[in-house]
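J.: Submitted below is the structure of interest, expressed as structure tokens.
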Amino acid sequence: LVIKYMGQNRFRDMFVDIDEAVNKKMELIPTSDMQMLRHLVVLYTSQQDPKSLKQGMQILRYLELQHEMRQLETKTQGRKRTDKKTNERDLTLDKDQWLEMYRAVIVGIRSYTFSSKRNHNNKNTQDSLDMVDLAIYASELPNKMSIVGASPDVDIFNRLIKLWLRVKSSKSGEYAENILSRMQIREVYDPSITVTEEIYQSIIRCWNSAAKLGHPEAAERVSYLLRSMEVQSGIYE
């Protein structure tokens, strides 16, 4: 549908080399095509090749920058715009649409970690992406969601934790526990967020992986999490 909308040649010319000059490429697209760019993020990140994933992430970043610019314009210009011909629905993305894109990126990154492990012998190709760097990038997305007015749900938190279960790194425990902390804060005022025993177990598994790779505080953090599980279960009441 995207190719049909843009024309095959324009689609190829505009996006094949997006990783080289993403901002210049994006500037060629009319502002009213922001909805189309949203679909492109989902399209690219649904692929399991590194180049497509990187392109999807860059388009998402472009949309984030556009959002920040509009927010700045709104603050500086106030509500003086009176152009009735402008379709504001095309110029902005709502919370659900942002969440859809962020979820697609996280799912795409996790899918890439699976495919990358299956193709381990080809990991030194020019286009390959570092899985730890991808996991760190994904873990920072909840902060970006808040900037655009969206909030990560339980599914996104769970996917991020499971991502760190896949990525073998000495940083796995730290980042997974940081996600747990975010969930615990949200749990206080958001009834849709619940920290379950399964989530604690996943965090502990991340710390176990980190311990095998030499993290000096892994044992201490696992002990702390086990005590937290006991408190949450009401064993001391």
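Residue numbering restarts at 1 in every chain; chains get A, B, ... in the order shown in the structure tokens, and ligands count up from 1 in that same order.
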Might you pull out every residue within 8 Å of Ala104 of chain A, with only C-alpha atoms counted and same-chain residues fewer than 6 positions away left off, and present them as a tab-separated table (two decimals) with N, CA, C and O atoms, in the first residue's frame?

T.:
chain	number	residue	atom	x	y	z
A	41	VAL	N	7.30	3.04	9.83
A	41	VAL	CA	8.01	2.56	11.01
A	41	VAL	C	7.61	1.11	11.30
A	41	VAL	O	8.46	0.23	11.53
A	42	VAL	N	6.31	0.86	11.29
A	42	VAL	CA	5.81	-0.50	11.55
A	42	VAL	C	6.28	-1.46	10.46
A	42	VAL	O	6.67	-2.60	10.73
A	45	THR	N	10.26	-2.10	10.76
A	45	THR	CA	10.66	-2.85	11.95
A	45	THR	C	10.08	-4.26	11.99
A	45	THR	O	10.50	-5.07	12.81
A	46	SER	N	9.13	-4.55	11.12
A	46	SER	CA	8.59	-5.91	11.06
A	46	SER	C	9.52	-6.85	10.30
A	46	SER	O	9.36	-8.07	10.34

J.: Extract, using only C-alpha atoms, all DNA, RNA and protein residues at most 8 Å from Lys171 of chain A, discarding same-chain residues fewer than 4 positions from it, and format them as a count of residues only.

T.: 3

J.: If you run DSSP on the backbone, which residues of segment 117-171 of chain A are alpha helix (DSSP H), as a VMD selection string?

T.: chain A and resid 117 to 118 131 to 139 141 to 147 154 to 166

J.: Using only C-alpha atoms for the distances, tell me which of A:Tyr224, A:Tyr189, A:Phe114, A:Trp98 is nearest to Leu60 of chain A.

T.: A:Trp98

J.: Could you please determine the separation between atom CA of Gly108 of chain A and atom CA of Leu53 of chain A in Å, to one decimal place?

T.: 6.9 Å

J.: Just want the 6 Å neighbourhood of Ile193 of chain A, counted on only C-alpha atoms, with same-chain residues fewer than 3 positions away dropped. Output as a list of chain:residue names.

T.: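 Residues meeting the cut-off are A:Val154, A:Glu187, A:Asp190.
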
J.: Write out as a PyMOL selection string the residues lying within 12 Å of segment 136-151 of chain A, counting only C-alpha atoms and excluding same-chain residues fewer than 6 positions away.

T.: chain A and resi 54+57+60-61+63-71+92-110+129-130+157-164+167+169+171-172+174-180+182-183+186+190+192-193

J.: Could you tell me how far atom CA of Arg38 of chain A lies from atom CA of Asp153 of chain A, in Å and to one decimal?

T.: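 A separation of 19.3 Å between them.
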
J.: Show me, as an MDAnalysis selection string, the residues that have an atom within 9 Å of Ile204 of chain A when counting only C-alpha atoms, minus same-chain residues fewer than 4 positions from it.

T.: chainID A and resid 173 176:177 199:200 208:209 221:222 225:226
